[in-house]
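Here is final-v6.tsv, consisting of TSV, C-alpha atoms:
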```tsv
chain	number	residue	atom	x	y	z
A	1	MET	CA	117.27	147.91	109.81
A	2	ALA	CA	119.04	146.67	112.94
A	3	ASP	CA	117.76	143.11	112.91
A	4	LYS	CA	117.94	142.54	109.18
A	5	LYS	CA	117.98	138.85	108.37
A	6	SER	CA	118.35	136.75	105.28
A	7	LEU	CA	115.39	134.44	104.65
A	8	THR	CA	115.04	131.80	101.96
A	9	PHE	CA	111.72	130.60	100.58
A	10	VAL	CA	111.51	127.50	98.42
A	11	LEU	CA	108.47	127.32	96.14
A	12	MET	CA	107.32	124.30	94.19
A	13	ASP	CA	103.68	124.85	93.23
A	14	PRO	CA	102.49	126.33	89.93
A	15	PRO	CA	100.29	129.43	90.13
A	16	PHE	CA	96.49	129.44	89.79
A	17	GLU	CA	96.12	125.99	91.35
A	18	ASN	CA	96.12	126.25	95.12
A	19	PRO	CA	96.41	128.73	97.98
A	20	ARG	CA	100.02	127.81	98.75
A	21	THR	CA	101.18	130.18	96.02
A	22	THR	CA	99.18	133.02	97.55
A	23	THR	CA	100.44	132.28	101.05
A	24	ALA	CA	104.02	132.03	99.81
A	25	LEU	CA	103.78	135.40	98.09
A	26	ARG	CA	102.15	136.92	101.19
A	27	LEU	CA	105.08	135.70	103.28
A	28	ILE	CA	107.70	136.94	100.83
A	29	ASP	CA	105.93	140.30	100.65
A	30	LEU	CA	105.91	140.64	104.45
A	31	ALA	CA	109.60	139.73	104.70
A	32	VAL	CA	110.47	142.30	102.05
A	33	ARG	CA	108.35	145.03	103.66
A	34	ARG	CA	110.25	144.43	106.89
A	35	GLY	CA	113.53	144.97	105.07
A	36	HIS	CA	114.86	141.43	105.34
A	37	ASP	CA	116.98	140.13	102.50
A	38	VAL	CA	115.02	137.46	100.68
A	39	ASN	CA	116.07	134.53	98.54
A	40	VAL	CA	113.52	132.65	96.51
A	41	PHE	CA	114.20	129.35	94.83
A	42	ALA	CA	111.37	128.52	92.42
A	43	TYR	CA	111.39	125.04	90.98
A	44	GLU	CA	109.07	122.58	89.27
A	45	GLY	CA	105.75	124.31	88.49
A	46	ALA	CA	106.68	127.36	90.56
A	47	VAL	CA	108.82	128.65	87.70
A	48	TYR	CA	105.49	129.75	86.19
A	49	VAL	CA	104.75	132.10	89.11
A	50	ALA	CA	106.86	134.80	87.44
A	51	PHE	CA	105.99	133.77	83.86
A	52	ALA	CA	105.71	136.93	81.76
A	53	LYS	CA	102.94	135.75	79.45
A	54	GLN	CA	100.25	135.40	82.10
A	55	THR	CA	97.28	137.39	80.84
A	56	PRO	CA	94.22	138.70	82.66
A	57	HIS	CA	90.93	137.71	81.11
A	58	ALA	CA	87.28	138.68	81.08
A	59	ASN	CA	84.60	136.47	82.61
A	60	ALA	CA	81.85	135.87	80.08
A	61	VAL	CA	79.88	133.67	82.49
A	62	HIS	CA	79.47	136.54	84.91
A	63	GLY	CA	79.33	139.20	82.20
A	64	ARG	CA	82.43	141.02	83.41
A	65	ASP	CA	85.06	142.60	81.17
A	66	VAL	CA	88.79	142.40	81.91
A	67	GLU	CA	88.77	145.49	84.10
A	68	GLN	CA	85.73	144.42	86.10
A	69	GLU	CA	87.08	140.90	86.54
A	70	ASP	CA	90.35	142.31	87.92
A	71	HIS	CA	91.89	138.87	87.59
A	72	PRO	CA	94.76	138.33	90.02
A	73	ILE	CA	97.98	137.69	88.11
A	74	PRO	CA	100.91	136.24	90.09
A	75	LYS	CA	103.56	137.71	87.79
A	76	ASP	CA	102.26	141.17	88.76
A	77	TRP	CA	102.53	140.25	92.44
A	78	VAL	CA	106.14	139.16	91.87
A	79	ALA	CA	106.91	142.42	90.10
A	80	ALA	CA	105.26	144.37	92.95
A	81	ILE	CA	107.34	142.51	95.53
A	82	LEU	CA	110.53	143.23	93.60
A	83	ALA	CA	109.57	146.93	93.42
A	84	GLU	CA	108.81	146.95	97.14
A	85	GLY	CA	112.29	145.60	97.77
A	86	VAL	CA	113.80	148.69	96.18
A	87	LYS	CA	111.80	150.89	98.58
A	88	SER	CA	112.47	148.84	101.71
A	89	GLY	CA	116.14	148.19	101.02
A	90	SER	CA	115.54	144.47	100.86
A	91	LYS	CA	117.88	142.56	98.59
A	92	ILE	CA	115.85	140.00	96.67
A	93	ASP	CA	117.51	137.14	94.82
A	94	TRP	CA	114.82	135.20	92.94
A	95	VAL	CA	116.20	132.13	91.22
A	96	GLN	CA	114.30	130.12	88.62
A	97	CYS	CA	115.49	126.51	88.37
A	98	GLY	CA	116.87	126.34	84.84
A	99	LEU	CA	116.07	122.68	84.23
A	100	CYS	CA	112.48	123.25	85.36
A	101	VAL	CA	112.22	126.32	83.13
A	102	ASP	CA	113.50	124.43	80.09
A	103	GLU	CA	111.21	121.46	80.66
A	104	ARG	CA	108.22	123.75	80.72
A	105	GLY	CA	109.23	126.33	78.14
A	106	ALA	CA	108.86	128.95	80.83
A	107	GLY	CA	111.88	131.02	79.88
A	108	GLU	CA	110.11	134.35	79.70
A	109	CYS	CA	109.64	135.81	83.14
A	110	VAL	CA	109.19	139.28	84.55
A	111	GLU	CA	112.29	141.42	85.01
A	112	GLY	CA	114.29	140.54	88.10
A	113	PRO	CA	114.44	136.76	88.60
A	114	ARG	CA	117.53	134.97	87.30
A	115	ARG	CA	118.19	131.52	85.97
A	116	GLY	CA	119.93	129.14	88.36
A	117	SER	CA	120.23	125.58	89.59
A	118	PRO	CA	119.83	123.51	92.75
A	119	ALA	CA	123.37	124.64	93.61
A	120	ASP	CA	121.85	128.07	94.29
A	121	LEU	CA	119.37	126.50	96.68
A	122	LEU	CA	122.23	124.83	98.56
A	123	LYS	CA	124.06	128.15	98.77
A	124	PHE	CA	120.89	129.90	99.98
A	125	ALA	CA	120.34	127.27	102.67
A	126	GLU	CA	123.94	127.50	103.83
A	127	THR	CA	124.15	131.27	103.95
A	128	SER	CA	120.71	132.52	104.99
A	129	ASP	CA	119.46	132.84	108.56
A	130	ASN	CA	116.49	130.58	107.90
A	131	THR	CA	114.81	128.60	105.15
A	132	LEU	CA	111.15	127.73	104.67
A	133	VAL	CA	110.36	124.99	102.19
A	134	ILE	CA	106.78	125.11	100.94
A	135	PRO	CA	106.35	121.75	99.23
A	136	THR	CA	103.54	120.68	96.98
A	137	LYS	CA	100.95	118.35	98.49
B	1	MET	CA	115.91	123.14	124.11
B	2	SER	CA	114.95	124.12	120.58
B	3	LYS	CA	112.30	126.41	119.17
B	4	TYR	CA	110.00	125.20	116.43
B	5	LEU	CA	107.52	126.75	114.03
B	6	LEU	CA	105.14	124.18	112.58
B	7	ILE	CA	102.87	125.47	109.83
B	8	GLU	CA	99.74	123.45	109.09
B	9	SER	CA	98.02	124.29	105.82
B	10	ARG	CA	95.83	121.22	105.43
B	11	ASP	CA	92.31	120.56	106.61
B	12	ALA	CA	92.13	118.07	109.47
B	13	PHE	CA	88.84	116.78	108.05
B	14	GLU	CA	90.49	116.00	104.72
B	15	SER	CA	93.96	114.72	105.67
B	16	ASN	CA	94.48	112.20	108.46
B	17	ASP	CA	98.16	113.06	108.62
B	18	VAL	CA	97.23	116.44	110.09
B	19	ALA	CA	96.68	114.63	113.39
B	20	GLN	CA	100.22	113.27	113.15
B	21	PHE	CA	101.57	116.77	112.60
B	22	TRP	CA	99.66	117.96	115.66
B	23	GLU	CA	101.12	115.02	117.61
B	24	LEU	CA	104.59	116.06	116.50
B	25	ALA	CA	103.90	119.51	117.96
B	26	ALA	CA	102.70	117.97	121.23
B	27	SER	CA	105.70	115.63	121.43
B	28	LEU	CA	108.14	118.48	120.98
B	29	ALA	CA	106.36	120.53	123.65
B	30	ARG	CA	106.33	117.58	126.05
B	31	GLN	CA	110.10	117.24	125.75
B	32	GLY	CA	110.47	120.89	126.68
B	33	ASP	CA	110.85	122.57	123.29
B	34	THR	CA	109.11	125.84	122.47
B	35	VAL	CA	106.54	125.16	119.77
B	36	THR	CA	104.19	127.32	117.74
B	37	LEU	CA	101.62	125.61	115.52
B	38	PHE	CA	100.51	128.16	112.94
B	39	LEU	CA	97.31	127.29	111.07
B	40	VAL	CA	96.89	128.71	107.59
B	41	GLN	CA	94.64	128.12	104.53
B	42	ASN	CA	92.31	125.16	105.20
B	43	GLY	CA	94.44	124.39	108.25
B	44	VAL	CA	92.31	126.93	110.14
B	45	LEU	CA	89.05	124.98	109.70
B	46	PRO	CA	89.35	122.96	112.94
B	47	ALA	CA	89.90	126.23	114.81
B	48	ARG	CA	86.13	126.64	114.57
B	49	PRO	CA	84.55	124.65	117.40
B	50	SER	CA	83.90	121.18	115.93
B	51	THR	CA	84.66	117.52	116.48
B	52	ARG	CA	88.34	118.09	115.72
B	53	SER	CA	88.84	121.28	117.71
B	54	GLU	CA	89.02	119.51	121.05
B	55	ALA	CA	92.32	117.92	119.99
B	56	LEU	CA	93.55	121.35	118.95
B	57	SER	CA	92.65	122.79	122.33
B	58	ALA	CA	94.46	119.90	124.00
B	59	LEU	CA	97.62	120.99	122.21
B	60	THR	CA	97.46	124.38	123.90
B	61	LYS	CA	97.15	122.65	127.27
B	62	ALA	CA	100.28	120.64	126.37
B	63	GLY	CA	102.15	123.91	125.96
B	64	VAL	CA	101.89	124.44	122.21
B	65	GLN	CA	101.08	127.97	121.08
B	66	VAL	CA	98.32	127.52	118.50
B	67	LEU	CA	97.74	130.47	116.19
B	68	ALA	CA	95.35	130.80	113.25
B	69	ASP	CA	95.99	133.11	110.31
B	70	GLU	CA	93.53	136.01	110.47
B	71	PHE	CA	93.27	136.25	106.67
B	72	SER	CA	92.53	132.53	106.28
B	73	LEU	CA	89.87	132.77	109.01
B	74	ARG	CA	88.26	135.77	107.33
B	75	GLU	CA	88.29	134.04	103.92
B	76	ARG	CA	86.35	131.14	105.43
B	77	GLY	CA	83.91	133.21	107.47
B	78	ILE	CA	85.26	132.00	110.81
B	79	ARG	CA	84.81	134.65	113.47
B	80	THR	CA	87.89	135.23	115.61
B	81	GLU	CA	85.83	135.62	118.79
B	82	ARG	CA	84.49	132.08	118.38
B	83	LEU	CA	87.65	130.04	118.05
B	84	ALA	CA	88.30	126.78	119.88
B	85	ALA	CA	89.60	127.18	123.42
B	86	GLY	CA	93.23	128.23	123.49
B	87	VAL	CA	93.48	129.04	119.78
B	88	LYS	CA	94.29	132.65	118.96
B	89	ALA	CA	93.90	134.59	115.71
B	90	SER	CA	97.15	136.04	114.45
B	91	PRO	CA	98.54	137.96	111.50
B	92	LEU	CA	100.87	136.12	109.15
B	93	ASP	CA	103.67	138.40	110.36
B	94	VAL	CA	104.29	135.96	113.21
B	95	VAL	CA	105.73	133.50	110.71
B	96	ILE	CA	108.25	136.08	109.49
B	97	ASP	CA	109.11	137.05	113.08
B	98	GLN	CA	109.77	133.46	114.05
B	99	LEU	CA	111.74	132.68	110.89
B	100	ALA	CA	113.88	135.72	111.56
B	101	GLU	CA	114.32	134.53	115.14
B	102	GLY	CA	115.82	131.35	113.74
B	103	ARG	CA	113.16	128.85	114.66
B	104	LYS	CA	113.26	125.46	112.99
B	105	ALA	CA	110.39	125.71	110.53
B	106	LEU	CA	108.36	122.92	109.00
B	107	TRP	CA	105.48	123.34	106.54
B	108	HIS	CA	102.80	120.69	106.17
```
Using the file provided, produce a representation of the structure as structure tokens.
Amino acid sequence: MADKKSLTFVLMDPPFENPRTTTALRLIDLAVRRGHDVNVFAYEGAVYVAFAKQTPHANAVHGRDVEQEDHPIPKDWVAAILAEGVKSGSKIDWVQCGLCVDERGAGECVEGPRRGSPADLLKFAETSDNTLVIPTK
Amino acid sequence: MSKYLLIESRDAFESNDVAQFWELAASLARQGDTVTLFLVQNGVLPARPSTRSEALSALTKAGVQVLADEFSLRERGIRTERLAAGVKASPLDVVIDQLAEGRKALWH
């Protein structure tokens, strides 16, 4: 990819609560599909976006089983993005803020993200071509 | 002159500070900067002709490129052929293009 860039996305929101998580993952997915190198710094509630114990559920109110409900699970989206990176040649460095992880007991995440600190965010901001901070409201 | 990408995710009917973000876009354009205002999530609601859309159209006359995320429009049942004057539907890819281009990006 001739115009390969390095883009950093900073996520703060927990999953399942607002559309910012969906939009953030859409953006990261697009960047990866285009072959850009992508850094993600997930902090505060966003460390739960890749949390491994998210579980799809049925919907008794609407009489749908787990398969019919097809509940969207962010950890699966993260895993899909990481897999897409292998195909597109995009290097993805997904950092989970360690302090935020410990506070929330969110240590178990899908394979790929690594534990880090705000020092990683500083390094990302200094070394990438651009940074988009998606703050909580 | 600088190039800016301003991303508005909030509903102008819900948050009064949306108008301030729009004014920031207009101010930057007036001083000669290149500005894209990208509407996403509930930020696309004023793109449907309404009491707030006139101000959005005024931005385009001030030189701001105003784009509305196609997916967000579709989610909310807003037809792309009936957007406020000057506002154009756009795929989210534009955000990646402009980030890669090095634009100064601000999310609200």
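For the residues A:Lys123, A:Arg64, A:Lys75, A:Arg26, ranking by smallest atom-to-atom distance to chain B using all atoms listed in the file places A:Arg26 first.
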Considering all atoms listed in the file, tabulate each residue of chain A that lies at most 8 Å from chain B along with its nearest interatomic pair and the corresponding distance in Å to one decimal; arrange the rows by chain and ascending residue number and present them as a tab-separated table.
```
residue	atom	partner	partner_atom	distance
A:Lys5	CA	B:Ala100	CA	6.1
A:Ser6	CA	B:Ala100	CA	7.8
A:Leu7	CA	B:Ala100	CA	7.2
A:Pro19	CA	B:Gln41	CA	6.8
A:Arg20	CA	B:Gln41	CA	7.9
A:Thr23	CA	B:Gln41	CA	7.9
A:Leu27	CA	B:Ile96	CA	7.0
A:Leu30	CA	B:Asp93	CA	6.7
A:Ala31	CA	B:Ile96	CA	6.2
A:Asp129	CA	B:Gly102	CA	6.5
A:Asn130	CA	B:Gly102	CA	5.9
A:Thr131	CA	B:Ala105	CA	7.5
A:Leu132	CA	B:Ala105	CA	6.2
A:Val133	CA	B:Trp107	CA	6.7
A:Ile134	CA	B:Trp107	CA	6.0
A:Pro135	CA	B:Trp107	CA	7.5
```
Okay, now the selection with C-alpha atoms, as a PDB file, keeping the file's coordinate frame?
```pdb
ATOM      1  CA  LYS A   5     117.980 138.850 108.370  1.00  0.00           C
ATOM      2  CA  SER A   6     118.350 136.750 105.280  1.00  0.00           C
ATOM      3  CA  LEU A   7     115.390 134.440 104.650  1.00  0.00           C
ATOM      4  CA  PRO A  19      96.410 128.730  97.980  1.00  0.00           C
ATOM      5  CA  ARG A  20     100.020 127.810  98.750  1.00  0.00           C
ATOM      6  CA  THR A  23     100.440 132.280 101.050  1.00  0.00           C
ATOM      7  CA  LEU A  27     105.080 135.700 103.280  1.00  0.00           C
ATOM      8  CA  LEU A  30     105.910 140.640 104.450  1.00  0.00           C
ATOM      9  CA  ALA A  31     109.600 139.730 104.700  1.00  0.00           C
ATOM     10  CA  ASP A 129     119.460 132.840 108.560  1.00  0.00           C
ATOM     11  CA  ASN A 130     116.490 130.580 107.900  1.00  0.00           C
ATOM     12  CA  THR A 131     114.810 128.600 105.150  1.00  0.00           C
ATOM     13  CA  LEU A 132     111.150 127.730 104.670  1.00  0.00           C
ATOM     14  CA  VAL A 133     110.360 124.990 102.190  1.00  0.00           C
ATOM     15  CA  ILE A 134     106.780 125.110 100.940  1.00  0.00           C
ATOM     16  CA  PRO A 135     106.350 121.750  99.230  1.00  0.00           C
TER      17      PRO A 135
END
```
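Among A:Val110, A:Leu11, A:Val95, A:Gly35, the residue with the shortest atom-to-atom distance to Trp77 in chain A, counting all atoms listed in the file, is A:Val110.
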- May I have the residues at most 7 Å from (111.5, 132.6, 86.5) in the file's coordinates, counting all atoms listed in the file, as a PyMOL selection string? chain A and resi 47-48+50-51+95-96+107+109+113-115
- Straight-line distance linking CA of Leu25 in chain A with CA of Ser88 in chain A, stated in Å to one decimal: 16.4 Å
